Amino acid sequence: MTSRETKQSSENTNANYISSLIDGYRHSKVLFTAVEFKLFDHLVNQSLTSIELATKLNLSHLLAFERFLNACVALQLLEHDKTTKKYSNTKLSEKYLVSTSPSTLNGYINHNNQSSYLLWNTLGDAIRENKPQWQHAFNTGKGDIFTFDSHYRDENAETLFISGMHGLGLTSFPNIVKYFDNLKQFKTLCDLGGATGCLAISACEVNSQLQAIIFDLPRIEKHTNRCIDQTSSDIRSRIRFQSGDFFVDALPHVDLFGLGRILHDWTDEQCEHLLTKIYQTLPENNGAVLIAEKLLDDNKTGPLDVNIQDLNMLIATTGRERSCIEYQAMLEKIGFKNIQFYRSDSYLDGILGYK
């Protein structure tokens with residue numbers, strides 16, 4: 001290869017990379033639309049032709065639909081048998097994109113399609129103004145004051161957000177509680193802002209003696225109960241819901257607090273306020289806080305998915321993603337010690353700090 005050909009090859013590679021960034025939103029919308037159509041639900045334990053699928057989805061333009069199906073195959077969301085001309089789910093789709101699967105991410109996908117996707121159109125405004133963009137995107141919100149009222153602006157938005165967070169929790173919380181084997185020493189847990197109780201359920205599954213409290217806003221109790229009712233009788237008997245605002249109300253007296261994707265929603269000052277309340281509520285001996293968040297590298301230029309999530313927090317909240325150094329400094333400032341970090345290969349990482 002000549003030097004000119006090498007240069008052209010390098011330029012083409014760079015162009016392909018930029019093109020892939022340009023096309024990223026198109027890939028997302030194919031996935032979002034497939035879930036919106038409930039495409040994968042119709043392919044559970046069966047393969048169907050494009051005509052059969054179009055009939056089930058009440059779609060009349062077959063050629064347009066086949067182009068869509070081909071894109072799903074190219075994205076490895078579907079498989080296509082050239083002999084029978086039938087489509088089927090991939091193993092990945094069967095696990096994460098079927099609405100009845102215990103591991104489904106459809107709630108999170110629908111939340112992104114109906115909320116986050118529109119919010120991201122305001123990224124430039126978020127950078128210029130340094131405040132959440134709910135007012136611009138949905139005519140909701142309170143300027144630079146973030147509350148969860150925007151996520152809960154109507155029943156559908158609330159359900160999608162809660163189910164989305166539950167699906168993501170299932171991909172990470174079990175790994176985190178298993179990693180910190182010494183969690184088995186604790187007798188009581190309070191899962192602050194615990195929503196569906198995914199973190200508490202995971203902790204109770206590895207600690208048969210643990211009693212857990214889901215502490216969240218009153219309107220969330222129905223979502224909590226729905227998920228807790230799907231667990232075993234043993235788990236159900238050890239988890240209860242307590243309504244409250246963790247910034248305002250007194251916290252339950254337990255020996256372990258859980259914060260699953262809570263701190264990244266709030267400013268440093270609000271995080272320190274909440275962590276101080278936790279520290280003061282914990283017993284003098286053997287108390288701890290378990291935190292599940294995405295961790296930035298210390299230089300804050302990776303991992304990429306955490307940087308992208310950090311921008312999502314800029315658009316949607318007054319919080320941010322943080323590095324190990326930042327979390328350690330924050331926890332030690334309040335008085336926590338023996339702080340341990342767990343960088344996982346799943347969606348969230350873990351932090352454990354002791355009083």
# chains A, B, ... in the order shown; residues from 1 in each chain; ligands from 1
$ residues_around --residues "range 32-36 of chain A" --least-positions-apart "6" --cutoff "7 Å" --atoms "only C-alpha atoms" --output "JSON, numbers by chain"
{"A": [97, 106, 109, 110, 113]}
$ write_last_selection --atoms "all heavy atoms" --output "compact mmCIF listing (two decimals), in the first residue's frame"
# COMPACT_ATOMS: atom_id res chain seq x y z
N LEU A 97 -35.90 -7.81 25.38
CA LEU A 97 -36.84 -6.99 24.61
C LEU A 97 -38.25 -7.57 24.55
O LEU A 97 -39.12 -7.00 23.88
CB LEU A 97 -36.29 -6.79 23.19
CG LEU A 97 -34.91 -6.12 23.11
CD1 LEU A 97 -34.45 -6.01 21.67
CD2 LEU A 97 -34.92 -4.76 23.78
N ASN A 106 -37.73 -3.04 28.36
CA ASN A 106 -38.69 -2.29 27.57
C ASN A 106 -39.17 -1.01 28.26
O ASN A 106 -39.43 0.00 27.60
CB ASN A 106 -39.89 -3.17 27.22
CG ASN A 106 -39.56 -4.17 26.13
OD1 ASN A 106 -38.41 -4.24 25.67
ND2 ASN A 106 -40.52 -4.96 25.71
N ILE A 109 -36.50 1.48 27.59
CA ILE A 109 -36.53 1.85 26.18
C ILE A 109 -37.68 2.81 25.90
O ILE A 109 -37.50 3.84 25.23
CB ILE A 109 -36.63 0.58 25.31
CG1 ILE A 109 -35.32 -0.22 25.39
CG2 ILE A 109 -36.95 0.93 23.85
CD1 ILE A 109 -35.41 -1.61 24.81
N ASN A 110 -38.87 2.51 26.40
CA ASN A 110 -40.01 3.39 26.19
C ASN A 110 -39.84 4.74 26.87
O ASN A 110 -40.25 5.78 26.35
CB ASN A 110 -41.30 2.71 26.66
CG ASN A 110 -41.73 1.58 25.74
OD1 ASN A 110 -41.58 1.67 24.53
ND2 ASN A 110 -42.27 0.52 26.32
N ASN A 113 -37.60 6.66 24.63
CA ASN A 113 -38.29 7.06 23.41
C ASN A 113 -39.22 8.24 23.64
O ASN A 113 -39.29 9.18 22.83
CB ASN A 113 -39.08 5.87 22.86
CG ASN A 113 -39.60 6.11 21.46
OD1 ASN A 113 -39.02 6.87 20.68
ND2 ASN A 113 -40.70 5.46 21.12
$ select_by_dssp --residues "range 106-275 of chain A" --states "strand (DSSP E)" --output "list of chain:residue names"
A:Thr188, A:Leu189, A:Cys190, A:Asp191, A:Leu192, A:Gln211, A:Ala212, A:Ile213, A:Ile214, A:Phe215, A:Asp216, A:Ile239, A:Arg240, A:Phe241, A:Gln242, A:Ser243, A:Leu256, A:Phe257, A:Gly258, A:Leu259, A:Gly260
$ residues_around --residues "Leu263 in chain A" --least-positions-apart "3" --cutoff "9 Å" --atoms "only C-alpha atoms" --output "ChimeraX atom specification"
/A:259-260,266-268,270-271,274,291-293,319-321
$ atom_distance --atom1 "CA of His151 in chain A" --atom2 "CA of Cys198 in chain A"
18.8 Å
$ closest_residue --among "A:Asp249, A:Lys86, A:Ser19, A:Lys38" --to "Glu52 in chain A" --atoms "only C-alpha atoms"
A:Lys86
$ select_by_dssp --residues "range 43-292 of chain A" --states "alpha helix (DSSP H)" --output "VMD selection string"
chain A and resid 50 to 56 62 to 74 91 to 96 106 to 111 117 to 119 123 to 129 134 to 138 155 to 179 198 to 206 221 to 228 233 to 237 268 to 281
$ residues_around --residues "Leu192 in chain A" --least-positions-apart "5" --cutoff "9 Å" --atoms "only C-alpha atoms" --output "PDB file with C-alpha atoms, in the first residue's frame"
ATOM      1  CA  ILE A 213     -37.585  -0.966  54.094  1.00  0.00           C
ATOM      2  CA  ILE A 214     -38.333   0.735  50.779  1.00  0.00           C
ATOM      3  CA  PHE A 215     -38.366   4.469  51.554  1.00  0.00           C
ATOM      4  CA  ASP A 216     -39.942   6.531  48.777  1.00  0.00           C
ATOM      5  CA  PHE A 246     -35.527  11.553  52.284  1.00  0.00           C
ATOM      6  CA  LEU A 251     -34.965   8.277  58.223  1.00  0.00           C
ATOM      7  CA  PHE A 257     -28.625   2.303  53.841  1.00  0.00           C
ATOM      8  CA  GLY A 258     -28.865   1.688  50.102  1.00  0.00           C
ATOM      9  CA  LEU A 259     -28.675   4.429  47.467  1.00  0.00           C
ATOM     10  CA  GLY A 260     -29.280   2.948  44.027  1.00  0.00           C
ATOM     11  CA  ILE A 262     -29.881   8.402  43.790  1.00  0.00           C
TER      12      ILE A 262
END
$ atom_distance --atom1 "CA of His273 in chain A" --atom2 "CA of Ile334 in chain A"
9.3 Å
$ residues_around --residues "Val306 in chain A" --least-positions-apart "3" --cutoff "8 Å" --atoms "only C-alpha atoms" --output "JSON, numbers by chain"
{"A": [294, 295, 296, 302, 303, 309, 310, 321]}
$ write_last_selection --atoms "C-alpha atoms" --output "PDB file, in the first residue's frame"
ATOM      1  CA  LYS A 294     -21.838   4.756  37.225  1.00  0.00           C
ATOM      2  CA  LEU A 295     -18.254   5.765  38.029  1.00  0.00           C
ATOM      3  CA  LEU A 296     -16.193   8.123  35.901  1.00  0.00           C
ATOM      4  CA  GLY A 302     -14.261   7.790  30.255  1.00  0.00           C
ATOM      5  CA  PRO A 303     -15.775   5.322  30.270  1.00  0.00           C
ATOM      6  CA  GLN A 309     -24.940   9.509  31.134  1.00  0.00           C
ATOM      7  CA  ASP A 310     -23.287  12.545  32.733  1.00  0.00           C
ATOM      8  CA  GLU A 321     -21.883  11.465  37.476  1.00  0.00           C
TER       9      GLU A 321
END
$ residues_around --residues "Leu59 in chain A" --least-positions-apart "5" --cutoff "12 Å" --atoms "only C-alpha atoms" --output "mmCIF file with N, CA and C atoms, in the first residue's frame"
data_model
loop_
_atom_site.group_PDB
_atom_site.id
_atom_site.type_symbol
_atom_site.label_atom_id
_atom_site.label_comp_id
_atom_site.auth_asym_id
_atom_site.auth_seq_id
_atom_site.Cartn_x
_atom_site.Cartn_y
_atom_site.Cartn_z
ATOM 1 N N PHE A 37 -43.894 -1.265 18.741
ATOM 2 C CA PHE A 37 -44.766 -2.182 18.002
ATOM 3 C C PHE A 37 -45.021 -3.492 18.756
ATOM 4 N N LEU A 39 -42.975 -5.872 18.681
ATOM 5 C CA LEU A 39 -42.529 -6.822 17.674
ATOM 6 C C LEU A 39 -41.990 -8.108 18.300
ATOM 7 N N SER A 50 -43.011 -12.128 7.249
ATOM 8 C CA SER A 50 -43.319 -10.696 7.299
ATOM 9 C C SER A 50 -44.818 -10.453 7.152
ATOM 10 N N ILE A 51 -45.485 -11.270 6.336
ATOM 11 C CA ILE A 51 -46.937 -11.104 6.152
ATOM 12 C C ILE A 51 -47.671 -11.424 7.453
ATOM 13 N N GLU A 52 -47.257 -12.498 8.113
ATOM 14 C CA GLU A 52 -47.904 -12.885 9.379
ATOM 15 C C GLU A 52 -47.680 -11.818 10.456
ATOM 16 N N LEU A 53 -46.456 -11.290 10.506
ATOM 17 C CA LEU A 53 -46.160 -10.244 11.484
ATOM 18 C C LEU A 53 -46.937 -8.975 11.182
ATOM 19 N N ALA A 54 -46.987 -8.589 9.915
ATOM 20 C CA ALA A 54 -47.712 -7.377 9.526
ATOM 21 C C ALA A 54 -49.186 -7.486 9.892
ATOM 22 N N ALA A 64 -42.666 -1.525 3.153
ATOM 23 C CA ALA A 64 -42.063 -0.639 4.161
ATOM 24 C C ALA A 64 -41.718 -1.428 5.423
ATOM 25 N N PHE A 65 -42.612 -2.318 5.815
ATOM 26 C CA PHE A 65 -42.388 -3.119 7.012
ATOM 27 C C PHE A 65 -41.215 -4.073 6.818
ATOM 28 N N GLU A 66 -41.079 -4.657 5.618
ATOM 29 C CA GLU A 66 -39.963 -5.572 5.366
ATOM 30 C C GLU A 66 -38.623 -4.834 5.418
ATOM 31 N N PHE A 68 -38.032 -2.381 7.362
ATOM 32 C CA PHE A 68 -37.819 -2.221 8.799
ATOM 33 C C PHE A 68 -37.306 -3.527 9.423
#
$ closest_residue --among "A:Ala212, A:Val98, A:Ile239, A:Ala316" --to "Ser115 in chain A" --atoms "only C-alpha atoms"
A:Ala316
$ closest_residue --among "A:Lys178, A:Arg128, A:Arg236, A:His27" --to "Leu75 in chain A" --atoms "only C-alpha atoms"
A:His27
$ atom_distance --atom1 "CA of Lys187 in chain A" --atom2 "CA of Thr281 in chain A"
15.2 Å
$ closest_residue --among "A:Leu304, A:Leu348, A:Val254, A:Cys72" --to "Arg26 in chain A" --atoms "only C-alpha atoms"
A:Cys72
$ residues_around --residues "Gly197 in chain A" --least-positions-apart "6" --cutoff "12 Å" --atoms "only C-alpha atoms" --output "ChimeraX atom specification"
/A:162-163,165-167,169-170,173,189-191,203-204,212-216,220-231,235-236,238-242,258-260
$ write_last_selection --atoms "C-alpha atoms" --output "short mmCIF file (atom, residue, chain, number, x, y, z; two decimals), in the first residue's frame"
data_model
loop_
_atom_site.label_atom_id
_atom_site.label_comp_id
_atom_site.auth_asym_id
_atom_site.auth_seq_id
_atom_site.Cartn_x
_atom_site.Cartn_y
_atom_site.Cartn_z
CA ILE A 162 -40.23 3.42 37.29
CA SER A 163 -40.26 0.29 35.13
CA MET A 165 -35.23 2.03 36.46
CA HIS A 166 -36.36 -1.42 37.60
CA GLY A 167 -35.07 -3.04 34.41
CA GLY A 169 -31.48 -2.27 38.38
CA LEU A 170 -31.93 -5.94 37.51
CA PHE A 173 -27.91 -4.72 41.72
CA LEU A 189 -31.58 -2.20 55.27
CA CYS A 190 -33.29 0.99 54.16
CA ASP A 191 -33.40 1.38 50.37
CA ALA A 203 -29.92 -7.79 49.08
CA CYS A 204 -32.57 -9.98 50.72
CA ALA A 212 -35.66 -4.23 54.40
CA ILE A 213 -37.58 -0.97 54.09
CA ILE A 214 -38.33 0.74 50.78
CA PHE A 215 -38.37 4.47 51.55
CA ASP A 216 -39.94 6.53 48.78
CA ILE A 220 -44.54 5.12 44.38
CA GLU A 221 -46.00 2.56 46.80
CA LYS A 222 -48.24 0.97 44.15
CA HIS A 223 -45.21 0.29 41.94
CA THR A 224 -43.30 -1.15 44.89
CA ASN A 225 -46.12 -3.46 45.88
CA ARG A 226 -46.55 -4.73 42.32
CA CYS A 227 -42.91 -5.82 42.14
CA ILE A 228 -42.64 -7.13 45.70
CA ASP A 229 -45.75 -9.25 45.12
CA GLN A 230 -43.90 -11.07 42.34
CA THR A 231 -41.16 -12.29 44.69
CA ILE A 235 -38.72 -12.15 50.37
CA ARG A 236 -42.18 -10.53 50.59
CA ARG A 238 -39.04 -9.27 54.88
CA ILE A 239 -39.72 -6.11 52.85
CA ARG A 240 -42.08 -3.26 53.65
CA PHE A 241 -42.75 0.19 52.20
CA GLN A 242 -42.44 3.43 54.17
CA GLY A 258 -28.86 1.69 50.10
CA LEU A 259 -28.68 4.43 47.47
CA GLY A 260 -29.28 2.95 44.03
#
$ closest_residue --among "A:Leu168, A:Tyr17, A:Ala195, A:Ser202" --to "Tyr96 in chain A" --atoms "only C-alpha atoms"
A:Leu168
